[in-house]
>>> print(open('target-v3.tsv').read())   # TSV, C-alpha atoms
chain	number	residue	atom	x	y	z
A	30	MET	CA	0.00	0.00	0.00
A	31	ASN	CA	1.52	3.32	-1.07
A	32	ALA	CA	1.49	6.51	0.98
A	33	PHE	CA	-1.61	7.89	-0.75
A	34	ASN	CA	-3.59	4.69	-0.17
A	35	ARG	CA	-2.57	4.61	3.49
A	36	ARG	CA	-3.52	8.25	3.90
A	37	THR	CA	-6.85	7.67	2.14
A	38	ALA	CA	-7.59	4.60	4.27
A	39	ARG	CA	-6.86	6.51	7.48
A	40	ARG	CA	-9.05	9.44	6.46
A	41	ILE	CA	-11.98	7.32	5.32
A	42	ALA	CA	-11.70	5.23	8.50
A	43	ALA	CA	-11.63	8.38	10.62
A	44	VAL	CA	-14.67	9.82	8.85
A	45	SER	CA	-16.52	6.50	9.13
A	46	ILE	CA	-15.77	6.24	12.84
A	47	VAL	CA	-16.85	9.83	13.46
A	48	LEU	CA	-20.01	9.26	11.42
A	49	ALA	CA	-20.74	6.08	13.35
A	50	ALA	CA	-20.05	7.86	16.65
A	51	VAL	CA	-22.48	10.64	15.72
A	52	ALA	CA	-25.11	8.60	13.91
A	53	SER	CA	-25.34	5.76	16.43
A	54	PRO	CA	-26.38	7.91	19.44
A	55	LEU	CA	-28.74	9.84	17.17
A	56	ALA	CA	-30.28	6.60	15.92
A	57	TRP	CA	-30.52	5.38	19.52
A	58	PHE	CA	-32.30	8.59	20.55
A	59	VAL	CA	-34.72	8.47	17.60
A	60	ALA	CA	-35.48	4.79	18.19
A	61	GLN	CA	-36.04	5.47	21.90
A	62	GLU	CA	-38.36	8.38	21.08
A	63	ASN	CA	-40.28	6.29	18.56
A	64	ALA	CA	-40.71	3.46	21.03
A	65	GLU	CA	-41.90	5.91	23.66
A	66	GLN	CA	-44.35	7.52	21.26
A	67	ASP	CA	-45.62	4.14	20.14
A	68	SER	CA	-46.33	3.26	23.77
A	69	VAL	CA	-48.10	6.58	24.30
A	70	ALA	CA	-50.10	6.19	21.08
A	71	LEU	CA	-51.28	2.77	22.18
A	72	ALA	CA	-52.31	4.12	25.59
A	73	MET	CA	-54.16	7.05	24.04
A	74	GLU	CA	-55.99	4.82	21.59
A	75	GLU	CA	-57.03	2.47	24.38
A	76	THR	CA	-58.17	5.42	26.50
A	77	ARG	CA	-60.30	6.84	23.70
A	78	ARG	CA	-61.79	3.40	23.10
A	79	LEU	CA	-62.74	2.95	26.73
A	80	LEU	CA	-63.97	6.46	27.36
A	81	GLY	CA	-65.43	7.35	24.01
A	82	HIS	CA	-67.05	4.20	22.77
A	83	SER	CA	-67.75	1.91	25.73
A	84	GLY	CA	-70.60	3.93	27.09
A	85	ILE	CA	-69.30	3.71	30.64
A	86	ILE	CA	-68.81	7.46	31.02
A	87	ASP	CA	-71.05	10.39	30.24
A	88	LEU	CA	-69.92	13.57	31.96
A	89	SER	CA	-72.96	15.44	30.71
A	90	ALA	CA	-75.34	13.10	32.55
A	91	PRO	CA	-76.70	13.90	36.04
A	92	ASP	CA	-74.68	11.04	37.53
A	93	ALA	CA	-71.39	12.31	36.03
A	94	GLN	CA	-69.57	11.75	39.35
A	95	ALA	CA	-70.57	8.11	39.57
A	96	SER	CA	-69.81	7.62	35.88
A	97	ALA	CA	-66.35	9.15	36.32
A	98	ASP	CA	-65.62	6.93	39.34
A	99	LYS	CA	-66.61	3.86	37.37
A	100	ALA	CA	-64.46	4.82	34.40
A	101	ALA	CA	-61.41	5.57	36.54
A	102	LYS	CA	-61.67	2.18	38.26
A	103	VAL	CA	-62.01	0.37	34.95
A	104	ILE	CA	-58.95	2.05	33.44
A	105	ALA	CA	-56.67	1.85	36.48
A	106	GLY	CA	-54.83	-1.43	36.57
A	107	GLY	CA	-54.89	-1.89	32.80
A	108	LEU	CA	-52.50	0.25	30.82
A	109	PHE	CA	-52.40	2.86	33.57
A	110	ASP	CA	-51.39	2.83	37.20
A	111	ILE	CA	-53.20	6.12	37.96
A	112	ALA	CA	-56.41	7.23	36.24
A	113	GLU	CA	-58.00	10.64	36.85
A	114	ILE	CA	-61.16	12.14	35.32
A	115	TYR	CA	-61.74	15.93	35.12
A	116	ASP	CA	-64.83	17.82	34.12
A	117	GLY	CA	-64.95	20.42	31.37
A	118	GLN	CA	-63.65	23.12	33.76
A	119	GLY	CA	-60.66	21.05	34.78
A	120	GLU	CA	-62.02	20.06	38.18
A	121	LYS	CA	-61.11	16.52	39.23
A	122	LEU	CA	-64.16	14.27	39.43
A	123	ALA	CA	-62.61	10.85	40.08
A	124	GLU	CA	-59.32	9.12	40.70
A	125	ALA	CA	-58.26	5.47	40.89
A	126	MET	CA	-54.81	3.90	41.13
A	127	THR	CA	-52.98	0.68	41.63
A	128	ARG	CA	-50.59	-0.03	44.51
A	129	ASP	CA	-47.66	0.97	42.31
A	130	GLY	CA	-49.52	4.10	41.28
A	131	ALA	CA	-50.06	5.06	44.88
A	132	GLY	CA	-46.33	4.72	45.48
A	133	VAL	CA	-45.40	7.28	42.82
A	134	GLU	CA	-48.31	9.72	43.06
A	135	ALA	CA	-46.55	11.97	45.57
A	136	LEU	CA	-43.44	12.09	43.37
A	137	LEU	CA	-45.26	13.43	40.33
A	138	PRO	CA	-44.75	17.14	39.63
A	139	PRO	CA	-47.93	19.24	39.87
A	140	HIS	CA	-49.62	20.56	36.72
A	141	ASP	CA	-52.15	23.24	35.90
A	142	ARG	CA	-55.77	22.49	35.19
A	143	PRO	CA	-56.04	20.74	31.83
A	144	ARG	CA	-57.23	23.13	29.12
A	145	GLU	CA	-55.83	21.73	25.85
A	146	ARG	CA	-58.06	20.44	23.11
A	147	MET	CA	-55.30	18.11	21.82
A	148	ALA	CA	-53.95	14.98	23.46
A	149	SER	CA	-50.44	15.32	24.91
A	150	TYR	CA	-48.01	13.48	27.15
A	151	GLU	CA	-45.00	13.93	29.44
A	152	SER	CA	-42.09	11.54	29.86
A	153	LEU	CA	-40.80	11.77	33.43
A	154	VAL	CA	-38.01	10.10	35.37
A	155	LEU	CA	-38.94	10.22	39.05
A	156	PRO	CA	-36.45	10.65	41.92
A	157	GLY	CA	-36.49	6.93	42.60
A	158	GLY	CA	-35.40	6.21	39.05
A	159	GLN	CA	-38.83	5.05	37.86
A	160	TRP	CA	-39.84	6.09	34.37
A	161	VAL	CA	-43.45	7.18	33.94
A	162	LEU	CA	-45.56	8.47	31.09
A	163	ARG	CA	-48.28	10.97	32.00
A	164	ILE	CA	-50.95	11.30	29.31
A	165	PHE	CA	-53.67	13.93	28.92
A	166	VAL	CA	-56.63	13.16	26.66
A	167	PRO	CA	-59.52	15.63	26.15
A	168	LEU	CA	-62.97	13.99	26.17
A	169	LEU	CA	-64.84	15.34	23.17
A	170	SER	CA	-68.45	15.27	22.21
A	171	SER	CA	-70.54	16.99	19.56
A	172	THR	CA	-70.83	20.02	21.84
A	173	GLY	CA	-67.08	20.29	22.49
A	174	VAL	CA	-64.80	19.28	25.37
A	175	THR	CA	-66.84	17.67	28.15
A	176	GLY	CA	-63.90	16.64	30.31
A	177	TYR	CA	-60.34	15.39	30.53
A	178	PHE	CA	-58.59	12.17	31.29
A	179	GLU	CA	-55.17	11.98	32.89
A	180	GLY	CA	-53.40	8.64	33.00
A	181	VAL	CA	-50.03	7.79	34.52
A	182	ARG	CA	-48.30	4.65	33.34
A	183	ILE	CA	-45.23	3.31	35.12
A	184	VAL	CA	-43.15	1.81	32.34
A	185	PRO	CA	-42.25	-1.70	33.57
A	186	GLU	CA	-38.62	-2.81	33.66
A	187	TRP	CA	-39.11	-5.43	30.95
A	188	GLN	CA	-40.53	-2.84	28.60
A	189	ARG	CA	-37.74	-0.41	29.38
A	190	GLU	CA	-35.19	-3.12	28.64
A	191	GLN	CA	-37.00	-4.02	25.41
A	192	MET	CA	-37.07	-0.40	24.28
A	193	LEU	CA	-33.42	0.02	25.21
A	194	SER	CA	-32.48	-3.19	23.41
A	195	ASP	CA	-34.36	-2.17	20.28
A	196	ALA	CA	-32.77	1.29	20.34
A	197	LEU	CA	-29.29	-0.16	20.80
A	198	SER	CA	-29.88	-2.60	17.94
A	199	VAL	CA	-30.81	0.27	15.64
A	200	ALA	CA	-27.78	2.26	16.82
A	201	LEU	CA	-25.45	-0.68	16.19
A	202	ILE	CA	-26.91	-1.25	12.73
A	203	VAL	CA	-26.44	2.42	11.85
A	204	GLY	CA	-22.87	2.40	13.19
A	205	LEU	CA	-22.04	-0.78	11.31
A	206	ALA	CA	-23.59	0.63	8.15
A	207	SER	CA	-21.39	3.74	8.47
A	208	LEU	CA	-18.26	1.60	8.78
A	209	LEU	CA	-19.30	-0.65	5.90
A	210	CYS	CA	-19.96	2.40	3.73
A	211	GLY	CA	-16.43	3.61	4.47
A	212	ALA	CA	-15.02	0.19	3.57
A	213	ALA	CA	-17.02	0.16	0.34
A	214	ILE	CA	-16.01	3.70	-0.60
A	215	TYR	CA	-12.28	3.14	-0.07
A	216	PRO	CA	-11.58	0.97	-3.16
A	217	VAL	CA	-13.70	3.30	-5.31
A	218	VAL	CA	-11.73	6.36	-4.14
A	219	VAL	CA	-8.42	4.56	-4.62
A	220	HIS	CA	-9.39	3.42	-8.12
A	221	LEU	CA	-10.58	6.88	-9.17
A	222	SER	CA	-7.47	8.47	-7.68
A	223	ALA	CA	-5.18	6.01	-9.42
A	224	ASP	CA	-6.96	6.61	-12.71
A	225	ASN	CA	-6.72	10.37	-12.24
A	226	GLU	CA	-3.05	10.04	-11.28
A	227	ARG	CA	-2.34	8.03	-14.43
A	228	LYS	CA	-4.00	10.65	-16.59
A	229	ALA	CA	-2.21	13.49	-14.80
A	230	ARG	CA	1.12	11.67	-15.19
A	231	ALA	CA	0.45	11.16	-18.90
A	232	VAL	CA	-0.31	14.86	-19.34
A	233	LEU	CA	2.78	15.83	-17.36
A	234	GLU	CA	4.96	13.45	-19.33
A	235	SER	CA	3.69	14.97	-22.57
A	236	HIS	CA	4.48	18.44	-21.20
A	237	VAL	CA	8.01	17.40	-20.29
A	238	ALA	CA	8.47	15.75	-23.69
A	239	MET	CA	7.29	18.91	-25.41
A	240	MET	CA	9.68	20.97	-23.27
A	241	GLU	CA	12.56	18.71	-24.28
A	242	ALA	CA	11.62	18.83	-27.96
A	243	LEU	CA	11.44	22.62	-27.90
A	244	GLY	CA	14.75	22.84	-26.05
A	245	ARG	CA	16.48	20.52	-28.52
A	246	ALA	CA	15.11	22.51	-31.45
A	247	ILE	CA	16.61	25.69	-29.99
A	248	ALA	CA	19.93	23.95	-29.35
A	249	LYS	CA	20.11	22.70	-32.95
A	250	ARG	CA	19.67	26.24	-34.22
A	251	ASP	CA	22.50	27.37	-31.97
A	252	SER	CA	24.87	24.66	-33.30
A	253	ASP	CA	24.74	22.77	-30.01
A	254	THR	CA	24.10	19.08	-29.42
A	255	GLY	CA	21.35	19.87	-26.92
A	256	ALA	CA	23.38	18.54	-24.00
A	257	HIS	CA	23.83	22.12	-22.75
A	258	ASN	CA	20.15	22.39	-21.82
A	259	TYR	CA	20.22	19.09	-19.95
A	260	ARG	CA	23.41	20.04	-18.11
A	261	VAL	CA	22.35	23.50	-16.98
A	262	ALA	CA	18.90	22.27	-15.86
A	263	TRP	CA	20.52	19.43	-13.88
A	264	ILE	CA	23.15	21.67	-12.24
A	265	ALA	CA	20.58	24.37	-11.41
A	266	ALA	CA	18.27	21.81	-9.78
A	267	GLY	CA	21.18	20.54	-7.66
A	268	ILE	CA	21.95	24.06	-6.39
A	269	ALA	CA	18.25	24.73	-5.78
A	270	GLU	CA	17.92	21.55	-3.71
A	271	ARG	CA	20.69	22.75	-1.42
A	272	MET	CA	18.98	26.15	-1.16
A	273	GLY	CA	15.67	24.60	-0.11
A	274	LEU	CA	13.61	24.99	-3.29
A	275	ALA	CA	10.91	22.37	-3.85
A	276	GLY	CA	7.53	21.79	-5.45
A	277	GLN	CA	6.32	24.35	-7.97
A	278	ALA	CA	9.40	26.55	-7.50
A	279	MET	CA	11.69	23.67	-8.41
A	280	GLN	CA	9.57	22.65	-11.41
A	281	SER	CA	9.62	26.23	-12.68
A	282	LEU	CA	13.40	26.41	-12.31
A	283	ILE	CA	13.94	23.18	-14.26
A	284	ALA	CA	11.57	24.23	-17.06
A	285	GLY	CA	13.07	27.72	-17.17
A	286	SER	CA	16.63	26.37	-17.23
A	287	PHE	CA	15.83	24.01	-20.08
A	288	LEU	CA	14.11	26.73	-22.10
A	289	HIS	CA	16.19	29.73	-21.09
A	290	ASP	CA	17.12	30.55	-24.70
A	291	VAL	CA	13.77	29.69	-26.31
A	292	GLY	CA	13.61	33.22	-27.73
A	293	LYS	CA	16.61	32.48	-29.99
A	294	ILE	CA	14.13	30.81	-32.34
A	295	GLY	CA	13.37	34.32	-33.56
A	296	ILE	CA	17.00	35.47	-34.04
A	297	PRO	CA	18.28	35.47	-37.66
A	298	ASP	CA	20.91	32.82	-38.48
A	299	ALA	CA	23.35	35.49	-39.63
A	300	ILE	CA	23.53	36.77	-36.06
A	301	LEU	CA	22.84	33.61	-34.11
A	302	LEU	CA	25.49	31.56	-35.95
A	303	LYS	CA	28.08	34.29	-36.51
A	304	PRO	CA	31.46	32.82	-35.41
A	305	GLY	CA	33.04	36.13	-34.45
A	306	ARG	CA	32.17	38.89	-32.03
A	307	LEU	CA	28.85	40.66	-32.59
A	308	ASP	CA	28.83	44.39	-33.24
A	309	ASP	CA	26.56	46.71	-31.25
A	310	ALA	CA	23.66	46.50	-33.71
A	311	GLU	CA	23.87	42.72	-33.84
A	312	MET	CA	24.11	42.50	-30.07
A	313	ALA	CA	20.98	44.61	-29.77
A	314	VAL	CA	19.15	42.13	-31.98
A	315	MET	CA	20.58	39.18	-30.04
A	316	ARG	CA	19.35	40.64	-26.78
A	317	THR	CA	15.79	40.63	-28.07
A	318	HIS	CA	15.77	36.86	-27.56
A	319	VAL	CA	14.81	37.50	-23.93
A	320	ALA	CA	11.63	39.38	-24.84
A	321	LEU	CA	10.85	36.82	-27.55
A	322	GLY	CA	11.28	34.01	-25.02
A	323	GLU	CA	8.96	35.73	-22.53
A	324	GLU	CA	6.26	35.95	-25.18
A	325	ILE	CA	6.63	32.28	-26.04
A	326	VAL	CA	6.45	30.86	-22.51
A	327	SER	CA	3.74	33.24	-21.37
A	328	ASP	CA	1.42	31.85	-24.07
A	329	ILE	CA	1.89	28.25	-22.85
A	330	GLY	CA	0.02	27.90	-19.56
A	331	TRP	CA	2.00	25.01	-18.09
A	332	LEU	CA	5.28	26.79	-18.89
A	333	ALA	CA	4.33	30.05	-17.20
A	334	GLY	CA	6.64	29.18	-14.31
A	335	ALA	CA	9.62	29.22	-16.68
A	336	HIS	CA	9.16	32.96	-17.10
A	337	GLU	CA	11.44	33.92	-14.21
A	338	VAL	CA	14.51	32.23	-15.71
A	339	VAL	CA	13.70	33.13	-19.33
A	340	ALA	CA	13.19	36.81	-18.43
A	341	GLY	CA	15.98	37.17	-15.87
A	342	HIS	CA	18.91	34.94	-16.82
A	343	HIS	CA	20.91	37.87	-18.24
A	344	GLU	CA	20.29	40.17	-15.26
A	345	LYS	CA	23.30	40.82	-13.01
A	346	TRP	CA	23.55	41.20	-9.25
A	347	ASP	CA	24.88	44.76	-9.56
A	348	GLY	CA	22.11	45.89	-11.92
A	349	SER	CA	24.23	46.08	-15.07
A	350	GLY	CA	22.44	43.22	-16.89
A	351	TYR	CA	19.52	43.28	-19.29
A	352	PRO	CA	16.73	43.69	-20.25
A	353	ARG	CA	15.36	45.35	-17.07
A	354	ARG	CA	18.62	46.10	-15.24
A	355	LEU	CA	17.31	44.46	-12.07
A	356	ALA	CA	19.69	44.28	-9.12
A	357	GLY	CA	20.16	42.14	-6.01
A	358	GLU	CA	17.17	40.25	-4.69
A	359	ALA	CA	14.89	42.04	-7.15
A	360	ILE	CA	16.15	39.36	-9.54
A	361	PRO	CA	14.14	36.15	-8.96
A	362	LEU	CA	16.16	33.48	-7.13
A	363	ALA	CA	15.68	31.01	-9.99
A	364	ALA	CA	17.26	33.49	-12.41
A	365	ARG	CA	20.15	34.17	-9.99
A	366	ILE	CA	20.84	30.45	-9.70
A	367	PHE	CA	20.70	29.98	-13.43
A	368	ALA	CA	23.02	32.92	-14.15
A	369	VAL	CA	25.83	31.12	-12.30
A	370	VAL	CA	25.07	27.78	-13.94
A	371	ASP	CA	24.82	29.19	-17.47
A	372	VAL	CA	28.19	30.94	-17.30
A	373	PHE	CA	29.84	27.91	-15.67
A	374	ASP	CA	28.64	25.52	-18.36
A	375	ALA	CA	29.37	27.91	-21.23
A	376	LEU	CA	32.96	28.41	-20.08
A	377	CYS	CA	33.50	24.67	-19.47
A	378	SER	CA	32.03	23.58	-22.81
A	379	LYS	CA	33.49	23.35	-26.29
A	380	ARG	CA	31.66	25.35	-28.93
A	381	PRO	CA	32.35	25.71	-32.69
A	382	TYR	CA	33.87	29.12	-32.01
A	383	LYS	CA	35.75	28.33	-28.73
A	384	ASP	CA	37.55	25.69	-26.73
A	385	PRO	CA	36.62	24.91	-23.09
A	386	LEU	CA	38.51	26.72	-20.35
A	387	PRO	CA	40.30	24.84	-17.57
A	388	LEU	CA	38.16	24.37	-14.49
A	389	ASP	CA	40.41	26.54	-12.29
A	390	SER	CA	40.08	29.41	-14.77
A	391	VAL	CA	36.31	28.99	-14.81
A	392	LEU	CA	36.10	29.05	-11.00
A	393	ALA	CA	38.31	32.12	-10.91
A	394	ILE	CA	35.99	33.92	-13.34
A	395	LEU	CA	32.96	33.02	-11.24
A	396	GLU	CA	34.67	34.25	-8.07
A	397	GLU	CA	35.63	37.45	-9.85
A	398	GLY	CA	31.98	38.03	-10.64
A	399	ARG	CA	30.90	37.68	-6.98
A	400	GLY	CA	28.72	40.64	-6.00
A	401	ALA	CA	28.86	42.03	-9.54
A	402	HIS	CA	27.48	39.48	-11.97
A	403	PHE	CA	26.54	36.77	-9.46
A	404	ASP	CA	24.62	36.45	-6.20
A	405	PRO	CA	27.23	35.70	-3.50
A	406	ALA	CA	24.81	33.35	-1.71
A	407	VAL	CA	24.41	31.21	-4.83
A	408	LEU	CA	28.18	31.07	-5.32
A	409	ASP	CA	28.61	30.00	-1.70
A	410	VAL	CA	26.39	26.99	-2.42
A	411	PHE	CA	27.75	26.11	-5.85
A	412	LEU	CA	31.53	26.61	-5.66
A	413	PRO	CA	32.16	23.90	-3.01
A	414	GLN	CA	30.48	21.32	-5.27
A	415	ALA	CA	31.72	22.69	-8.62
A	416	ARG	CA	34.58	20.21	-9.02
A	417	GLU	CA	32.31	17.27	-8.26
A	418	VAL	CA	29.77	18.55	-10.80
A	419	TYR	CA	32.49	19.10	-13.38
A	420	GLY	CA	33.84	15.58	-12.89
A	421	GLN	CA	30.39	14.01	-13.11
A	422	LEU	CA	29.60	15.79	-16.38
A	423	ALA	CA	33.02	15.28	-17.99
A	424	GLY	CA	32.61	13.16	-21.08
A	425	CYS	CA	28.80	12.91	-20.78
A	426	ASP	CA	27.07	12.93	-24.14
A	427	GLU	CA	23.53	14.17	-24.70
A	428	ALA	CA	21.96	10.82	-23.73
A	429	ALA	CA	23.93	10.62	-20.48
A	430	CYS	CA	23.06	14.23	-19.58
A	431	ARG	CA	19.42	13.54	-20.36
A	432	ALA	CA	19.49	10.51	-18.03
A	433	LEU	CA	20.91	12.65	-15.20
A	434	LEU	CA	18.23	15.30	-15.62
A	435	GLU	CA	15.49	12.69	-15.94
A	436	GLU	CA	16.22	11.52	-12.39
A	437	ARG	CA	15.60	15.00	-11.04
A	438	ILE	CA	12.54	15.53	-13.22
A	439	ARG	CA	10.98	12.33	-11.89
A	440	ALA	CA	11.79	13.33	-8.32
A	441	HIS	CA	10.47	16.88	-8.56
A	442	PHE	CA	7.61	16.42	-11.04
A	443	GLY	CA	6.25	13.29	-9.36
A	444	LEU	CA	6.63	11.08	-12.43
>>> encode(input="target-v3.tsv", output="structure tokens")
Amino acid sequence: MNAFNRRTARRIAAVSIVLAAVASPLAWFVAQENAEQDSVALAMEETRRLLGHSGIIDLSAPDAQASADKAAKVIAGGLFDIAEIYDGQGEKLAEAMTRDGAGVEALLPPHDRPRERMASYESLVLPGGQWVLRIFVPLLSSTGVTGYFEGVRIVPEWQREQMLSDALSVALIVGLASLLCGAAIYPVVVHLSADNERKARAVLESHVAMMEALGRAIAKRDSDTGAHNYRVAWIAAGIAERMGLAGQAMQSLIAGSFLHDVGKIGIPDAILLKPGRLDDAEMAVMRTHVALGEEIVSDIGWLAGAHEVVAGHHEKWDGSGYPRRLAGEAIPLAARIFAVVDVFDALCSKRPYKDPLPLDSVLAILEEGRGAHFDPAVLDVFLPQAREVYGQLAGCDEAACRALLEERIRAHFGL
């Protein structure tokens, strides 16, 4: 299992556990409420049946008191442990209770005279731990409310345990369902992520291939083998690693280093390939390759990060470079790194119009440019490793240089 899959598994497991922890108590509460309401509904229905359709109570009759007493005695001991009958004004007419009802009557909180026209109930836990349901049912006739019934039911232990068991079963099912959903989602997420990663890698690989093709095309115009682009991008990435660059900044540096001279596509061959020194007019034309390069990379979205190196690789630390004459840290770090690398590789390399300089001479030239052409901080990082870099690149052809850079591209582009 790779790092992404482990991270995904942990996150889905965490979400599933949290969901189960939240949903299970909620399901328990809802199931408990439903069981309670079902019990109340049954009691209310039975009360209405006894009082409304049995004919044993008629509070509008002259013997309403006797009728209420009879009804209370009939109801008490069935579903209810206490049964009370009130007249239409809320005055108690009759009361009957079981032995258990008598034991809890004094513990019940008082209530106002019943006035509601709708049935209602209270769920109460008494000081002794007993759970009771107190139900109020208006007694209706064609003329309106003729009285009220109040019933108190002590929920027996077996019923409490049954309700609790049912609620816990629902809670466990909900919790298990949450965990199973997480387990079912995991392979789907991993598959979709892997598919997306494959597509992203294919797009990125095509971008890198296009970058290489464009860089090689520029190198061919400049009478180079193309190894220069691979070398400078590899060396620049090595310096940047030691200076703490990573992620997008590193990717931009590599792309910018590889395409630093992309603007030379627009320079006439007579100037670009001239073996001797350029005159002032020709140099002015040559310098336009920076602006041309900026235009090219700015029109390619995925290469926008290369802009810093393309636009700034001829700027100098003391502000005497071109095209913007930037100085010091106003020059992007990627361009400051590349300026050192570009000069180092150019001096160390053989070109049609020059032979390579000895390494000591090259290092002396770089040191001479400290604080003028080059950022001292970049030199401090590069010079101690320059001999190792020089030795590693000595005799490397284009394929070998490409292999070196490919390692860093795979590391920093996630290929």
>>> residues_around(input="target-v3.tsv", residues="Leu168 in chain A", least_positions_apart="6", cutoff="7 Å", atoms="all atoms listed in the file", output="PyMOL selection string")
chain A and resi 174-178
>>> closest_residue(input="target-v3.tsv", among="A:Tyr150, A:Phe165, A:Phe411, A:Phe109", to="Ala266 in chain A", atoms="all atoms listed in the file")
A:Phe411
>>> closest_residue(input="target-v3.tsv", among="A:His441, A:Arg163, A:Arg260, A:His318", to="Gln421 in chain A", atoms="only C-alpha atoms")
A:Arg260
>>> closest_residue(input="target-v3.tsv", among="A:Glu324, A:Asp92, A:Glu179, A:Glu145", to="Tyr115 in chain A", atoms="only C-alpha atoms")
A:Glu179
>>> atom_distance(input="target-v3.tsv", atom1="CA of Ala123 in chain A", atom2="CA of Leu169 in chain A")
17.6 Å
>>> closest_residue(input="target-v3.tsv", among="A:Ala265, A:Ala393, A:Val51, A:Leu122", to="Val418 in chain A", atoms="only C-alpha atoms")
A:Ala265
>>> atom_distance(input="target-v3.tsv", atom1="CA of Ala356 in chain A", atom2="CA of Arg271 in chain A")
22.9 Å
>>> closest_residue(input="target-v3.tsv", among="A:Asn63, A:Ser207, A:Ser286, A:Gln118", to="Ser45 in chain A", atoms="all atoms listed in the file")
A:Ser207
>>> closest_residue(input="target-v3.tsv", among="A:Gly341, A:Pro413, A:Gly180, A:Gly157", to="Glu124 in chain A", atoms="all atoms listed in the file")
A:Gly180
>>> atom_distance(input="target-v3.tsv", atom1="CA of Arg128 in chain A", atom2="CA of Gly106 in chain A")
9.1 Å
>>> residues_around(input="target-v3.tsv", residues="Trp346 in chain A", least_positions_apart="5", cutoff="10 Å", atoms="all atoms listed in the file", output="list of chain:residue names")
A:Arg354, A:Leu355, A:Ala356, A:Gly357, A:Glu358, A:Ala359, A:Ile360, A:Arg365, A:Ala368, A:Gly398, A:Arg399, A:Gly400, A:Ala401, A:His402, A:Phe403, A:Asp404, A:Pro405
>>> residues_around(input="target-v3.tsv", residues="Trp263 in chain A", least_positions_apart="6", cutoff="9 Å", atoms="only C-alpha atoms", output="ChimeraX atom specification")
/A:283,286,430-431,433-435,437-438
>>> residues_around(input="target-v3.tsv", residues="Pro297 in chain A", least_positions_apart="4", cutoff="10 Å", atoms="only C-alpha atoms", output="PyMOL selection string")
chain A and resi 250+293+301-303+311+314-315
>>> residues_around(input="target-v3.tsv", residues="Arg353 in chain A", least_positions_apart="6", cutoff="12 Å", atoms="all atoms listed in the file", output="number ranges by chain")
A: 316-317, 319-320, 340-345, 359-360
